[in-house]
>>> print(open('work.pdb').read())   # PDB, C-alpha atoms and all ligand atoms
ATOM      1  CA  MET G  26     -34.366-174.508 -49.460
ATOM      2  CA  SER G  27     -34.380-170.949 -48.232
ATOM      3  CA  ASN G  28     -36.489-168.119 -49.712
ATOM      4  CA  LEU G  29     -39.553-168.472 -51.871
ATOM      5  CA  PRO G  30     -39.390-171.219 -54.468
ATOM      6  CA  ARG G  31     -39.245-169.858 -57.986
ATOM      7  CA  ILE G  32     -41.205-171.152 -60.942
ATOM      8  CA  ALA G  33     -39.180-173.211 -63.416
ATOM      9  CA  HIS G  34     -37.782-171.378 -66.416
ATOM     10  CA  ASN G  35     -36.716-173.220 -69.528
ATOM     11  CA  LYS G  36     -33.030-173.785 -68.712
ATOM     12  CA  THR G  37     -31.642-177.185 -67.815
ATOM     13  CA  VAL G  38     -28.391-178.013 -66.048
ATOM     14  CA  VAL G  39     -26.681-181.372 -65.515
ATOM     15  CA  ILE G  40     -24.329-181.794 -62.555
ATOM     16  CA  THR G  41     -21.880-184.675 -62.002
ATOM     17  CA  GLY G  42     -21.060-185.604 -58.410
ATOM     18  CA  ALA G  43     -24.408-184.203 -57.283
ATOM     19  CA  SER G  44     -24.921-186.603 -54.359
ATOM     20  CA  ALA G  45     -22.803-184.689 -51.834
ATOM     21  CA  GLY G  46     -20.895-181.541 -50.973
ATOM     22  CA  ILE G  47     -20.617-178.809 -53.590
ATOM     23  CA  GLY G  48     -22.572-180.775 -56.235
ATOM     24  CA  ARG G  49     -25.530-181.239 -53.886
ATOM     25  CA  ALA G  50     -25.452-177.565 -52.873
ATOM     26  CA  LEU G  51     -25.299-176.573 -56.561
ATOM     27  CA  ALA G  52     -28.378-178.722 -57.236
ATOM     28  CA  PHE G  53     -30.333-176.832 -54.549
ATOM     29  CA  GLU G  54     -29.051-173.450 -55.728
ATOM     30  CA  PHE G  55     -29.908-174.086 -59.393
ATOM     31  CA  ALA G  56     -33.332-175.396 -58.298
ATOM     32  CA  ARG G  57     -33.882-172.238 -56.230
ATOM     33  CA  ARG G  58     -33.137-170.192 -59.349
ATOM     34  CA  GLY G  59     -35.696-172.105 -61.411
ATOM     35  CA  TYR G  60     -33.594-174.563 -63.434
ATOM     36  CA  HIS G  61     -34.566-178.091 -64.460
ATOM     37  CA  LEU G  62     -31.958-180.563 -63.260
ATOM     38  CA  GLY G  63     -30.106-183.685 -64.335
ATOM     39  CA  LEU G  64     -28.174-185.148 -61.404
ATOM     40  CA  THR G  65     -25.518-187.859 -61.572
ATOM     41  CA  ALA G  66     -23.237-189.676 -59.125
ATOM     42  CA  ARG G  67     -22.436-193.292 -58.277
ATOM     43  CA  ARG G  68     -24.957-193.514 -55.408
ATOM     44  CA  LEU G  69     -28.378-193.657 -57.063
ATOM     45  CA  ASP G  70     -30.179-194.096 -53.710
ATOM     46  CA  VAL G  71     -28.740-190.806 -52.475
ATOM     47  CA  LEU G  72     -29.770-189.064 -55.717
ATOM     48  CA  THR G  73     -33.293-190.487 -55.407
ATOM     49  CA  ALA G  74     -33.626-189.035 -51.901
ATOM     50  CA  LEU G  75     -32.099-185.727 -53.067
ATOM     51  CA  ARG G  76     -34.611-185.434 -55.908
ATOM     52  CA  GLU G  77     -37.495-185.878 -53.445
ATOM     53  CA  GLU G  78     -35.949-183.322 -51.084
ATOM     54  CA  ILE G  79     -35.541-180.706 -53.825
ATOM     55  CA  LEU G  80     -39.020-181.300 -55.273
ATOM     56  CA  ALA G  81     -40.588-180.997 -51.806
ATOM     57  CA  ALA G  82     -38.616-177.820 -51.101
ATOM     58  CA  CYS G  83     -39.414-176.024 -54.351
ATOM     59  CA  GLY G  84     -43.050-177.200 -54.439
ATOM     60  CA  ASP G  85     -43.179-176.764 -58.205
ATOM     61  CA  SER G  86     -44.921-179.549 -60.133
ATOM     62  CA  THR G  87     -43.527-178.329 -63.462
ATOM     63  CA  ARG G  88     -39.944-178.910 -62.356
ATOM     64  CA  THR G  89     -38.029-181.760 -64.037
ATOM     65  CA  ILE G  90     -35.337-183.548 -62.032
ATOM     66  CA  ALA G  91     -33.831-186.563 -63.817
ATOM     67  CA  ILE G  92     -31.211-188.720 -62.134
ATOM     68  CA  SER G  93     -28.667-191.198 -63.495
ATOM     69  CA  ALA G  94     -26.058-193.427 -61.875
ATOM     70  CA  LEU G  95     -22.678-192.514 -63.330
ATOM     71  CA  ASP G  96     -19.213-193.585 -62.265
ATOM     72  CA  VAL G  97     -16.856-191.331 -64.217
ATOM     73  CA  ASP G  98     -14.041-193.845 -63.656
ATOM     74  CA  GLN G  99     -15.883-196.181 -66.069
ATOM     75  CA  THR G 100     -14.646-194.086 -68.979
ATOM     76  CA  GLU G 101     -16.499-195.898 -71.750
ATOM     77  CA  THR G 102     -19.866-195.457 -69.993
ATOM     78  CA  VAL G 103     -19.596-191.695 -69.477
ATOM     79  CA  GLU G 104     -20.621-190.673 -72.992
ATOM     80  CA  PRO G 105     -23.612-193.049 -73.393
ATOM     81  CA  VAL G 106     -24.940-192.414 -69.874
ATOM     82  CA  LEU G 107     -24.723-188.639 -70.298
ATOM     83  CA  GLN G 108     -26.179-188.633 -73.827
ATOM     84  CA  ALA G 109     -29.124-190.710 -72.570
ATOM     85  CA  LEU G 110     -29.651-188.251 -69.713
ATOM     86  CA  PHE G 111     -29.423-185.236 -72.054
ATOM     87  CA  ALA G 112     -32.034-186.885 -74.312
ATOM     88  CA  ARG G 113     -34.361-187.616 -71.355
ATOM     89  CA  LEU G 114     -34.159-183.931 -70.433
ATOM     90  CA  GLY G 115     -34.935-182.853 -74.010
ATOM     91  CA  GLY G 116     -31.464-181.302 -74.358
ATOM     92  CA  ILE G 117     -29.517-179.264 -71.823
ATOM     93  CA  ASP G 118     -28.017-175.762 -71.565
ATOM     94  CA  ILE G 119     -25.317-176.096 -68.904
ATOM     95  CA  MET G 120     -23.078-179.009 -67.907
ATOM     96  CA  VAL G 121     -21.288-178.810 -64.547
ATOM     97  CA  VAL G 122     -18.353-181.227 -64.347
ATOM     98  CA  ASN G 123     -17.976-181.417 -60.589
ATOM     99  CA  ALA G 124     -17.376-185.078 -59.603
ATOM    100  CA  GLY G 125     -13.993-185.367 -57.954
ATOM    101  CA  VAL G 126     -12.005-186.875 -55.119
ATOM    102  CA  ASN G 127      -9.099-185.903 -52.923
ATOM    103  CA  ALA G 128      -6.640-188.100 -51.062
ATOM    104  CA  ILE G 129      -3.640-187.519 -48.888
ATOM    105  CA  THR G 130      -0.692-188.805 -50.894
ATOM    106  CA  SER G 131       3.011-188.664 -50.063
ATOM    107  CA  VAL G 132       5.773-188.309 -52.588
ATOM    108  CA  GLY G 133       8.201-191.216 -52.307
ATOM    109  CA  LYS G 134       5.967-193.544 -50.289
ATOM    110  CA  GLY G 135       4.869-195.883 -53.055
ATOM    111  CA  ASP G 136       1.403-194.324 -53.271
ATOM    112  CA  ILE G 137       1.335-194.441 -57.039
ATOM    113  CA  LEU G 138      -1.810-196.569 -57.444
ATOM    114  CA  LYS G 139      -3.726-194.201 -55.161
ATOM    115  CA  GLN G 140      -2.424-191.284 -57.233
ATOM    116  CA  LYS G 141      -3.367-193.015 -60.482
ATOM    117  CA  GLN G 142      -6.918-193.531 -59.165
ATOM    118  CA  LEU G 143      -7.188-189.843 -58.302
ATOM    119  CA  ILE G 144      -5.998-188.805 -61.774
ATOM    120  CA  MET G 145      -8.508-191.259 -63.272
ATOM    121  CA  THR G 146     -11.450-189.557 -61.551
ATOM    122  CA  ASN G 147     -10.349-185.919 -61.552
ATOM    123  CA  VAL G 148      -8.732-185.767 -64.981
ATOM    124  CA  ILE G 149      -9.859-188.630 -67.240
ATOM    125  CA  GLY G 150     -13.387-188.787 -65.783
ATOM    126  CA  ALA G 151     -13.697-185.011 -65.971
ATOM    127  CA  MET G 152     -12.364-184.894 -69.542
ATOM    128  CA  ALA G 153     -14.811-187.624 -70.597
ATOM    129  CA  SER G 154     -17.670-185.607 -69.061
ATOM    130  CA  VAL G 155     -16.563-182.404 -70.831
ATOM    131  CA  ASP G 156     -16.215-184.325 -74.090
ATOM    132  CA  ALA G 157     -19.748-185.754 -73.902
ATOM    133  CA  ALA G 158     -21.203-182.327 -73.103
ATOM    134  CA  ALA G 159     -19.236-180.672 -75.912
ATOM    135  CA  ALA G 160     -20.578-183.214 -78.439
ATOM    136  CA  HIS G 161     -24.131-182.450 -77.245
ATOM    137  CA  PHE G 162     -23.608-178.678 -77.437
ATOM    138  CA  ILE G 163     -21.930-178.840 -80.863
ATOM    139  CA  ALA G 164     -25.020-180.690 -82.143
ATOM    140  CA  ARG G 165     -27.323-178.102 -80.510
ATOM    141  CA  GLY G 166     -25.228-175.125 -81.639
ATOM    142  CA  ALA G 167     -24.827-173.634 -78.136
ATOM    143  CA  GLY G 168     -24.182-174.439 -74.495
ATOM    144  CA  GLN G 169     -22.019-173.823 -71.456
ATOM    145  CA  ILE G 170     -19.523-176.211 -69.886
ATOM    146  CA  VAL G 171     -18.437-175.585 -66.301
ATOM    147  CA  GLY G 172     -15.504-177.407 -64.741
ATOM    148  CA  ILE G 173     -14.976-177.413 -60.982
ATOM    149  CA  SER G 174     -11.218-177.155 -60.708
ATOM    150  CA  SER G 175      -9.481-175.743 -57.622
ATOM    151  CA  LEU G 176      -7.094-173.086 -56.383
ATOM    152  CA  ALA G 177      -4.896-176.149 -55.776
ATOM    153  CA  ALA G 178      -4.170-175.781 -59.518
ATOM    154  CA  VAL G 179      -2.323-172.534 -58.772
ATOM    155  CA  LYS G 180       0.031-173.489 -55.926
ATOM    156  CA  GLY G 181       1.130-176.918 -54.738
ATOM    157  CA  ILE G 182      -0.105-178.214 -51.379
ATOM    158  CA  PRO G 183       2.122-180.628 -49.453
ATOM    159  CA  LYS G 184       0.651-184.176 -49.195
ATOM    160  CA  GLN G 185      -1.716-183.314 -52.038
ATOM    161  CA  ALA G 186       0.690-183.399 -54.986
ATOM    162  CA  ALA G 187      -1.510-185.732 -57.042
ATOM    163  CA  TYR G 188      -4.628-183.670 -56.311
ATOM    164  CA  CYS G 189      -2.844-180.423 -57.267
ATOM    165  CA  ALA G 190      -1.532-182.051 -60.450
ATOM    166  CA  SER G 191      -5.044-183.307 -61.308
ATOM    167  CA  LYS G 192      -6.599-179.858 -60.920
ATOM    168  CA  ALA G 193      -3.772-178.107 -62.798
ATOM    169  CA  GLY G 194      -4.305-180.614 -65.619
ATOM    170  CA  PHE G 195      -8.071-180.136 -65.617
ATOM    171  CA  SER G 196      -7.732-176.326 -65.567
ATOM    172  CA  MET G 197      -5.481-176.421 -68.604
ATOM    173  CA  TYR G 198      -7.867-178.801 -70.405
ATOM    174  CA  LEU G 199     -10.725-176.387 -69.751
ATOM    175  CA  GLU G 200      -8.680-173.408 -70.954
ATOM    176  CA  ALA G 201      -7.839-175.137 -74.248
ATOM    177  CA  ALA G 202     -11.468-176.273 -74.614
ATOM    178  CA  ARG G 203     -12.654-172.688 -74.054
ATOM    179  CA  ILE G 204     -10.520-171.414 -76.940
ATOM    180  CA  GLU G 205     -11.374-174.387 -79.183
ATOM    181  CA  LEU G 206     -15.139-174.313 -78.607
ATOM    182  CA  LYS G 207     -15.736-170.549 -78.735
ATOM    183  CA  ARG G 208     -16.483-170.450 -82.452
ATOM    184  CA  LYS G 209     -19.039-173.246 -81.916
ATOM    185  CA  HIS G 210     -20.914-170.898 -79.545
ATOM    186  CA  ILE G 211     -19.997-172.974 -76.502
ATOM    187  CA  SER G 212     -18.643-171.139 -73.459
ATOM    188  CA  VAL G 213     -16.400-172.779 -70.886
ATOM    189  CA  THR G 214     -16.234-171.634 -67.264
ATOM    190  CA  THR G 215     -13.500-172.762 -64.890
ATOM    191  CA  ILE G 216     -14.463-172.519 -61.222
ATOM    192  CA  MET G 217     -11.594-172.470 -58.746
ATOM    193  CA  PRO G 218     -12.808-173.020 -55.190
ATOM    194  CA  GLY G 219     -10.562-172.399 -52.220
ATOM    195  CA  PHE G 220     -11.592-174.491 -49.225
ATOM    196  CA  VAL G 221     -15.229-175.564 -48.985
ATOM    197  CA  ILE G 222     -16.573-177.491 -46.014
ATOM    198  CA  THR G 223     -17.570-180.909 -47.387
ATOM    199  CA  ASP G 224     -16.593-184.501 -46.698
ATOM    200  CA  ILE G 225     -13.848-184.415 -49.349
ATOM    201  CA  MET G 226     -11.189-183.968 -46.647
ATOM    202  CA  PRO G 227     -11.232-184.407 -42.874
ATOM    203  CA  HIS G 228     -11.105-181.130 -40.905
ATOM    204  CA  ILE G 229     -11.347-178.964 -44.009
ATOM    205  CA  GLU G 230     -13.047-176.304 -41.873
ATOM    206  CA  LYS G 231      -9.625-175.602 -40.345
ATOM    207  CA  TYR G 232      -8.126-174.542 -43.680
ATOM    208  CA  PRO G 233      -7.869-170.787 -44.444
ATOM    209  CA  PHE G 234     -11.067-168.943 -45.392
ATOM    210  CA  ALA G 235     -13.129-172.174 -45.544
ATOM    211  CA  VAL G 236     -16.779-171.527 -46.498
ATOM    212  CA  SER G 237     -19.956-173.607 -46.469
ATOM    213  CA  ALA G 238     -20.987-175.559 -49.563
ATOM    214  CA  GLU G 239     -24.106-173.365 -49.723
ATOM    215  CA  GLN G 240     -22.055-170.153 -49.940
ATOM    216  CA  ALA G 241     -19.761-171.740 -52.532
ATOM    217  CA  ALA G 242     -22.806-172.820 -54.570
ATOM    218  CA  ARG G 243     -24.414-169.354 -54.469
ATOM    219  CA  GLU G 244     -21.230-167.669 -55.675
ATOM    220  CA  THR G 245     -20.579-170.403 -58.257
ATOM    221  CA  VAL G 246     -24.027-170.186 -59.869
ATOM    222  CA  THR G 247     -23.739-166.398 -60.108
ATOM    223  CA  LEU G 248     -20.348-166.755 -61.847
ATOM    224  CA  ILE G 249     -21.881-169.356 -64.199
ATOM    225  CA  GLU G 250     -24.866-167.132 -65.019
ATOM    226  CA  ASN G 251     -22.438-164.264 -65.739
ATOM    227  CA  LYS G 252     -20.561-166.616 -68.116
ATOM    228  CA  LYS G 253     -17.197-165.900 -66.475
ATOM    229  CA  ALA G 254     -14.211-167.614 -68.108
ATOM    230  CA  VAL G 255     -12.618-168.200 -64.711
ATOM    231  CA  GLY G 256     -14.300-167.723 -61.346
ATOM    232  CA  ILE G 257     -12.795-167.943 -57.857
ATOM    233  CA  VAL G 258     -14.923-169.117 -54.916
ATOM    234  CA  PRO G 259     -15.218-167.639 -52.367
ATOM    235  CA  GLY G 260     -14.409-164.428 -54.196
ATOM    236  CA  TYR G 261     -13.257-162.751 -51.002
ATOM    237  CA  PRO G 262     -10.396-162.921 -50.159
ATOM    238  CA  TRP G 263      -9.087-165.370 -52.772
ATOM    239  CA  ARG G 264      -9.558-163.062 -55.776
ATOM    240  CA  LEU G 265      -7.258-160.560 -54.080
ATOM    241  CA  LEU G 266      -4.768-163.202 -52.956
ATOM    242  CA  ARG G 267      -4.581-165.272 -56.130
ATOM    243  CA  PRO G 268      -2.130-163.032 -58.036
ATOM    244  CA  PHE G 269       0.294-163.340 -55.113
ATOM    245  CA  MET G 270      -0.129-167.056 -54.431
ATOM    246  CA  ARG G 271       2.802-168.067 -56.597
ATOM    247  CA  LEU G 272       4.972-165.417 -54.928
ATOM    248  CA  ILE G 273       4.448-166.750 -51.386
ATOM    249  CA  PRO G 274       7.704-168.400 -50.262
ATOM    250  CA  ASP G 275       7.394-172.181 -49.888
ATOM    251  CA  SER G 276       8.416-171.965 -46.215
ATOM    252  CA  LEU G 277       5.481-169.641 -45.417
ATOM    253  CA  TRP G 278       3.020-171.543 -47.638
ATOM    254  CA  ARG G 279       3.860-174.776 -45.783
ATOM    255  CA  LYS G 280       2.696-173.141 -42.535
ATOM    256  CA  LEU G 281      -0.499-171.723 -44.060
ATOM    257  CA  VAL G 282      -1.908-174.904 -45.591
TER     258      VAL G 282
HETATM  259  N1  LIG Z 301     -14.324-179.044 -50.900
HETATM  260  C1  LIG Z 301     -13.313-178.278 -51.307
HETATM  261  O1  LIG Z 301     -12.648-177.581 -50.487
HETATM  262  C2  LIG Z 301     -12.958-178.190 -52.758
HETATM  263  C3  LIG Z 301     -12.028-177.213 -53.123
HETATM  264  C4  LIG Z 301     -11.680-177.117 -54.459
HETATM  265  C5  LIG Z 301     -12.256-177.932 -55.402
HETATM  266  N2  LIG Z 301     -13.160-178.877 -55.001
HETATM  267  C6  LIG Z 301     -13.719-179.756 -56.036
HETATM  268  O2  LIG Z 301     -15.127-179.713 -55.984
HETATM  269  C7  LIG Z 301     -15.657-180.951 -56.464
HETATM  270  C8  LIG Z 301     -16.666-181.487 -55.471
HETATM  271  O3  LIG Z 301     -15.977-181.717 -54.251
HETATM  272  P1  LIG Z 301     -16.717-181.802 -52.844
HETATM  273  O4  LIG Z 301     -15.876-181.070 -51.872
HETATM  274  O5  LIG Z 301     -18.138-181.486 -52.989
HETATM  275  O6  LIG Z 301     -16.519-183.358 -52.537
HETATM  276  P2  LIG Z 301     -17.511-184.454 -51.896
HETATM  277  O7  LIG Z 301     -18.376-183.831 -50.875
HETATM  278  O8  LIG Z 301     -16.623-185.580 -51.499
HETATM  279  O9  LIG Z 301     -18.415-184.884 -53.137
HETATM  280  C9  LIG Z 301     -17.818-185.495 -54.246
HETATM  281  C10 LIG Z 301     -18.898-185.869 -55.230
HETATM  282  O10 LIG Z 301     -18.262-186.515 -56.352
HETATM  283  C11 LIG Z 301     -18.879-187.777 -56.571
HETATM  284  N3  LIG Z 301     -17.889-188.711 -57.074
HETATM  285  C12 LIG Z 301     -16.718-189.086 -56.533
HETATM  286  N4  LIG Z 301     -16.107-190.015 -57.293
HETATM  287  C13 LIG Z 301     -16.920-190.221 -58.350
HETATM  288  C14 LIG Z 301     -16.853-191.052 -59.490
HETATM  289  N5  LIG Z 301     -15.839-191.902 -59.695
HETATM  290  N6  LIG Z 301     -17.858-191.006 -60.395
HETATM  291  C15 LIG Z 301     -18.897-190.156 -60.214
HETATM  292  N7  LIG Z 301     -19.035-189.362 -59.155
HETATM  293  C16 LIG Z 301     -18.049-189.393 -58.233
HETATM  294  C17 LIG Z 301     -19.474-188.189 -55.237
HETATM  295  O11 LIG Z 301     -20.641-188.973 -55.420
HETATM  296  P3  LIG Z 301     -20.735-190.570 -55.276
HETATM  297  O12 LIG Z 301     -19.831-190.966 -54.149
HETATM  298  O13 LIG Z 301     -22.183-190.816 -55.011
HETATM  299  O14 LIG Z 301     -20.297-191.064 -56.608
HETATM  300  C18 LIG Z 301     -19.896-186.841 -54.667
HETATM  301  O15 LIG Z 301     -21.182-186.496 -55.121
HETATM  302  C19 LIG Z 301     -14.459-181.871 -56.682
HETATM  303  O16 LIG Z 301     -14.089-181.873 -58.039
HETATM  304  C20 LIG Z 301     -13.372-181.217 -55.850
HETATM  305  O17 LIG Z 301     -12.082-181.523 -56.298
HETATM  306  C21 LIG Z 301     -13.535-179.034 -53.711
END
>>> encode(input="work.pdb", output="structure tokens")
Amino acid sequence: MSNLPRIAHNKTVVITGASAGIGRALAFEFARRGYHLGLTARRLDVLTALREEILAACGDSTRTIAISALDVDQTETVEPVLQALFARLGGIDIMVVNAGVNAITSVGKGDILKQKQLIMTNVIGAMASVDAAAAHFIARGAGQIVGISSLAAVKGIPKQAAYCASKAGFSMYLEAARIELKRKHISVTTIMPGFVITDIMPHIEKYPFAVSAEQAARETVTLIENKKAVGIVPGYPWRLLRPFMRLIPDSLWRKLV
């Protein structure tokens, strides 16, 4: 962890899919900013090692880092596992719904089971995570839900039709949740990353304006702390390009992505 470790403040964040990539980088970034953490993913051994790494890096004995194994595809377990984690942490302030997968899928090649699996994780698993957090925040009277969607929700990417559909679906779910939950004092932030260098896709570093997971995490946590409704990561140049993305002719877009 770079810079001086900060002393814990009283805010707690839970992150799904914290064992790798953006989720792992978010865990370090929130820790650097003084948050207590609840980390979930399927690989408990990786989370155990991550907890030790973060505790050693921040050198703060007052810091709480609780971990839980959670497979968001096991829909009926999402709510009880998360509620148990929230209780162990004494209640939470921010829930980051980040766990997700990508897969190359082709339209018309009989890939439907692969596509169904992707929708299960990125849409149903994400919705179940949002739902559990919303129930917790309604009971507490406040909270912030953050969904890691994607700029793939804005413009279709060839060979990623199922992924784009999953993120478009999740973005719309978050938008409706934001409107629905506002009067319960719960804010909802949709984060739309461009391309972030993680293991989610081979050779992702070759995609336009790809950034490190650490840069994505820094920008994401700032957007979360500013309670943005929708945040684009990295901000430059995607915030400038986003309004035009749907205007780019398909023939040109095919060459860019
Ligand atoms: N990288 C990008 O360019 C990019 C761009 C836009 C949006 N995103 C989104 O950002 C999020 C994180 O992606 P990433 O790039 O960091 O991917 P990653 O490096 O592959 O990490 C994915 C994380 O999700 C967890 N996960 C996967 N399936 C799960 C399941 N069924 N239940 C619980 N956890 C599960 C993995 O942990 P375990 O394997 O231990 O369960 C891992 O911690 C995803 O929602 C992705 O769609 C990424």
>>> closest_atom_pairs(input="work.pdb", of="chain G", to="ligand LIG 301 (chain Z)", cutoff="7 Å", atoms="all atoms listed in the file", output="JSON lines")
{"residue": "G:Thr41", "atom": "CA", "partner": "Z:LIG301", "partner_atom": "N7", "distance": 6.2}
{"residue": "G:Gly42", "atom": "CA", "partner": "Z:LIG301", "partner_atom": "O15", "distance": 3.4}
{"residue": "G:Ala43", "atom": "CA", "partner": "Z:LIG301", "partner_atom": "O15", "distance": 4.5}
{"residue": "G:Ser44", "atom": "CA", "partner": "Z:LIG301", "partner_atom": "O15", "distance": 3.8}
{"residue": "G:Ala45", "atom": "CA", "partner": "Z:LIG301", "partner_atom": "O15", "distance": 4.1}
{"residue": "G:Gly46", "atom": "CA", "partner": "Z:LIG301", "partner_atom": "O7", "distance": 3.4}
{"residue": "G:Ile47", "atom": "CA", "partner": "Z:LIG301", "partner_atom": "O5", "distance": 3.7}
{"residue": "G:Gly48", "atom": "CA", "partner": "Z:LIG301", "partner_atom": "O5", "distance": 5.5}
{"residue": "G:Arg49", "atom": "CA", "partner": "Z:LIG301", "partner_atom": "O15", "distance": 6.9}
{"residue": "G:Ala66", "atom": "CA", "partner": "Z:LIG301", "partner_atom": "O14", "distance": 4.1}
{"residue": "G:Arg67", "atom": "CA", "partner": "Z:LIG301", "partner_atom": "O14", "distance": 3.5}
{"residue": "G:Arg68", "atom": "CA", "partner": "Z:LIG301", "partner_atom": "O13", "distance": 3.9}
{"residue": "G:Leu95", "atom": "CA", "partner": "Z:LIG301", "partner_atom": "C15", "distance": 5.4}
{"residue": "G:Asp96", "atom": "CA", "partner": "Z:LIG301", "partner_atom": "N6", "distance": 3.5}
{"residue": "G:Val97", "atom": "CA", "partner": "Z:LIG301", "partner_atom": "N6", "distance": 4.0}
{"residue": "G:Asp98", "atom": "CA", "partner": "Z:LIG301", "partner_atom": "N5", "distance": 4.8}
{"residue": "G:Asn123", "atom": "CA", "partner": "Z:LIG301", "partner_atom": "O16", "distance": 4.7}
{"residue": "G:Ala124", "atom": "CA", "partner": "Z:LIG301", "partner_atom": "O10", "distance": 3.7}
{"residue": "G:Gly125", "atom": "CA", "partner": "Z:LIG301", "partner_atom": "O16", "distance": 3.5}
{"residue": "G:Val126", "atom": "CA", "partner": "Z:LIG301", "partner_atom": "C12", "distance": 5.4}
{"residue": "G:Asn127", "atom": "CA", "partner": "Z:LIG301", "partner_atom": "O17", "distance": 6.3}
{"residue": "G:Thr146", "atom": "CA", "partner": "Z:LIG301", "partner_atom": "N5", "distance": 5.3}
{"residue": "G:Asn147", "atom": "CA", "partner": "Z:LIG301", "partner_atom": "O16", "distance": 6.5}
{"residue": "G:Ile173", "atom": "CA", "partner": "Z:LIG301", "partner_atom": "O16", "distance": 5.4}
{"residue": "G:Ser174", "atom": "CA", "partner": "Z:LIG301", "partner_atom": "C5", "distance": 5.5}
{"residue": "G:Ser175", "atom": "CA", "partner": "Z:LIG301", "partner_atom": "C4", "distance": 4.1}
{"residue": "G:Leu176", "atom": "CA", "partner": "Z:LIG301", "partner_atom": "C4", "distance": 6.4}
{"residue": "G:Ala177", "atom": "CA", "partner": "Z:LIG301", "partner_atom": "C4", "distance": 7.0}
{"residue": "G:Met217", "atom": "CA", "partner": "Z:LIG301", "partner_atom": "C4", "distance": 6.3}
{"residue": "G:Pro218", "atom": "CA", "partner": "Z:LIG301", "partner_atom": "C4", "distance": 4.3}
{"residue": "G:Gly219", "atom": "CA", "partner": "Z:LIG301", "partner_atom": "C3", "distance": 5.1}
{"residue": "G:Phe220", "atom": "CA", "partner": "Z:LIG301", "partner_atom": "O1", "distance": 3.5}
{"residue": "G:Val221", "atom": "CA", "partner": "Z:LIG301", "partner_atom": "O1", "distance": 3.6}
{"residue": "G:Ile222", "atom": "CA", "partner": "Z:LIG301", "partner_atom": "N1", "distance": 5.6}
{"residue": "G:Thr223", "atom": "CA", "partner": "Z:LIG301", "partner_atom": "O7", "distance": 4.6}
{"residue": "G:Asp224", "atom": "CA", "partner": "Z:LIG301", "partner_atom": "O7", "distance": 4.6}
{"residue": "G:Ile225", "atom": "CA", "partner": "Z:LIG301", "partner_atom": "O8", "distance": 3.7}
{"residue": "G:Ile229", "atom": "CA", "partner": "Z:LIG301", "partner_atom": "O1", "distance": 6.8}
>>> residues_near_point(input="work.pdb", point="(-14.5, -167.3, -63.8)", cutoff="9 Å", atoms="only C-alpha atoms", output="ChimeraX atom specification")
/G:214-217,245,248-249,251-257
>>> residues_around(input="work.pdb", residues="range 150-162 of chain G", least_positions_apart="6", cutoff="10 Å", atoms="all atoms listed in the file", output="PyMOL selection string")
chain G and resi 39+41+96-108+111-112+116-125+143-144+168-174+191+194-195+198-199+202+206+209-213
>>> residues_around(input="work.pdb", residues="Ala52 in chain G", least_positions_apart="5", cutoff="9 Å", atoms="all atoms listed in the file", output="list in words")
Val38, Val39, Ile40, Ala43, Ile47, Arg57, Leu62, Gly63, Leu64, Leu75, Ile79 and Ala242 of chain G
>>> write_last_selection(input="work.pdb", atoms="C-alpha atoms", output="compact mmCIF listing (two decimals), keeping the file's coordinate frame")
# COMPACT_ATOMS: atom_id res chain seq x y z
CA VAL G 38 -28.39 -178.01 -66.05
CA VAL G 39 -26.68 -181.37 -65.52
CA ILE G 40 -24.33 -181.79 -62.56
CA ALA G 43 -24.41 -184.20 -57.28
CA ILE G 47 -20.62 -178.81 -53.59
CA ARG G 57 -33.88 -172.24 -56.23
CA LEU G 62 -31.96 -180.56 -63.26
CA GLY G 63 -30.11 -183.68 -64.33
CA LEU G 64 -28.17 -185.15 -61.40
CA LEU G 75 -32.10 -185.73 -53.07
CA ILE G 79 -35.54 -180.71 -53.82
CA ALA G 242 -22.81 -172.82 -54.57
>>> atom_distance(input="work.pdb", atom1="CA of Lys280 in chain G", atom2="CA of Pro183 in chain G")
10.2 Å
>>> atom_distance(input="work.pdb", atom1="CA of Glu78 in chain G", atom2="CA of Arg58 in chain G")
15.8 Å
>>> residues_around(input="work.pdb", residues="Arg208 in chain G", least_positions_apart="5", cutoff="10 Å", atoms="only C-alpha atoms", output="list in words")
Gly166, Ala167 and Arg203 of chain G
>>> atom_distance(input="work.pdb", atom1="CA of Ala235 in chain G", atom2="CA of Gly260 in chain G")
11.7 Å
>>> closest_residue(input="work.pdb", among="G:Ala82, G:Ile92, G:Ile149, G:Val132", to="Lys184 in chain G", atoms="only C-alpha atoms")
G:Val132
>>> closest_residue(input="work.pdb", among="G:Met197, G:Leu265, G:Val258, G:Ala186", to="Asp136 in chain G", atoms="all atoms listed in the file")
G:Ala186
>>> closest_residue(input="work.pdb", among="G:Ile137, G:Val179, G:Leu72, G:Ile204", to="Pro268 in chain G", atoms="all atoms listed in the file")
G:Val179
>>> axis_aligned_box(input="work.pdb", around="range 112-129 of chain G", padding_each_side="3 Å", output="lines of an AutoDock Vina configuration file")
center_x = -19.3
center_y = -181.9
center_z = -61.6
size_x = 37.3
size_y = 18.3
size_z = 31.5
>>> closest_residue(input="work.pdb", among="G:Val282, G:Ala128, G:Ala74, G:Leu110", to="Ser93 in chain G", atoms="all atoms listed in the file")
G:Leu110
>>> closest_residue(input="work.pdb", among="G:Thr37, G:Gln140, G:Thr247, G:Gln240", to="Cys189 in chain G", atoms="all atoms listed in the file")
G:Gln140
